[in-house]
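A short worksheet on the structure shown next.
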Amino acid sequence: MISYAPFYETLLNRGITEYQLIFKHGFSASILHRMKHGAAITTKTLDTLCFVLNCNVSDVLEYVEDK
């Protein structure tokens with residue numbers, strides 16, 4: 001299972017809010033909603049997040065084994 005927990009930690013560390021992602025960087029609120037609920041995002045979205053946050057993929061998502 002993919003977890004977006006690192007994404008929220010990265011946002012906090014960078015001092016960026018979801019509001020800023022939506023209104024300053026043009027992210028769709030539905031993308032952030034999907035991430036909150038563990039749904040899939042595209043690699044294009046992942047690429048854009050890494051660019052905006054100046055981070056690696058591992059700073060946005062991680063693989064967690066199903067139990």
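In the structure tokens, each chain is lettered A, B, ... as it comes, each chain's residues begin at 1, and ligands are numbered from 1 in order of appearance.
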Shell around range 2-6 of chain A at 7 Å using only C-alpha atoms, local window under 4 positions removed, as a ChimeraX atom specification: /A:10,35,38,59-64
Test item: residues at most 8 Å from range 45-53 of chain A, only C-alpha atoms, excluding those fewer than 4 positions along its chain, as an MDAnalysis selection string: chainID A and resid 10:11 14 25 41 57 60
Store the residues of this selection in a file with C-alpha atoms, as a compact mmCIF listing (two decimals), in the first residue's frame.
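Saved the output as again_35.txt:
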# COMPACT_ATOMS: atom_id res chain seq x y z
CA THR A 10 7.56 17.52 3.99
CA LEU A 11 4.90 20.23 3.77
CA ARG A 14 9.01 23.38 4.11
CA HIS A 25 0.93 26.52 -7.35
CA ILE A 41 -2.09 9.99 -8.11
CA VAL A 57 9.79 10.95 -4.36
CA VAL A 60 6.09 12.45 -0.85
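If you measure from each of A:Glu65, A:Lys36, A:Lys44, A:Met1 to Glu18 in chain A using only C-alpha atoms, the closest one turns out to be A:Lys36.
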What residues in chain A get the DSSP label strand (DSSP E)? Please answer as a ChimeraX atom specification. /A:2-3,62-63
Rounded to one decimal in Å, what is the spacing between CA of Thr17 in chain A and CA of Ser58 in chain A? 19.0 Å
Residues of range 22-51 of chain A in alpha helix (DSSP H) according to DSSP, as a PyMOL selection string? chain A and resi 22-23+29-36+43-51
Emit the selected residues as a PDB file, in the first residue's frame, including C-alpha atoms.
ATOM      1  CA  ILE A  22      -3.909  25.086  -4.392  1.00  0.00           C
ATOM      2  CA  PHE A  23      -3.845  28.856  -4.858  1.00  0.00           C
ATOM      3  CA  ALA A  29      -8.101  20.355  -4.248  1.00  0.00           C
ATOM      4  CA  SER A  30      -9.267  16.974  -5.517  1.00  0.00           C
ATOM      5  CA  ILE A  31      -5.645  15.794  -5.823  1.00  0.00           C
ATOM      6  CA  LEU A  32      -5.004  16.649  -2.185  1.00  0.00           C
ATOM      7  CA  HIS A  33      -8.301  14.993  -1.242  1.00  0.00           C
ATOM      8  CA  ARG A  34      -7.225  11.823  -3.082  1.00  0.00           C
ATOM      9  CA  MET A  35      -3.900  11.824  -1.245  1.00  0.00           C
ATOM     10  CA  LYS A  36      -5.607  12.251   2.138  1.00  0.00           C
ATOM     11  CA  THR A  43       3.361  10.279 -11.967  1.00  0.00           C
ATOM     12  CA  LYS A  44       2.910  13.742 -13.503  1.00  0.00           C
ATOM     13  CA  THR A  45       1.381  14.949 -10.225  1.00  0.00           C
ATOM     14  CA  LEU A  46       4.185  13.290  -8.302  1.00  0.00           C
ATOM     15  CA  ASP A  47       6.749  14.982 -10.552  1.00  0.00           C
ATOM     16  CA  THR A  48       5.116  18.378 -10.045  1.00  0.00           C
ATOM     17  CA  LEU A  49       4.958  17.925  -6.268  1.00  0.00           C
ATOM     18  CA  CYS A  50       8.655  17.045  -6.169  1.00  0.00           C
ATOM     19  CA  PHE A  51       9.459  20.123  -8.269  1.00  0.00           C
TER      20      PHE A  51
END
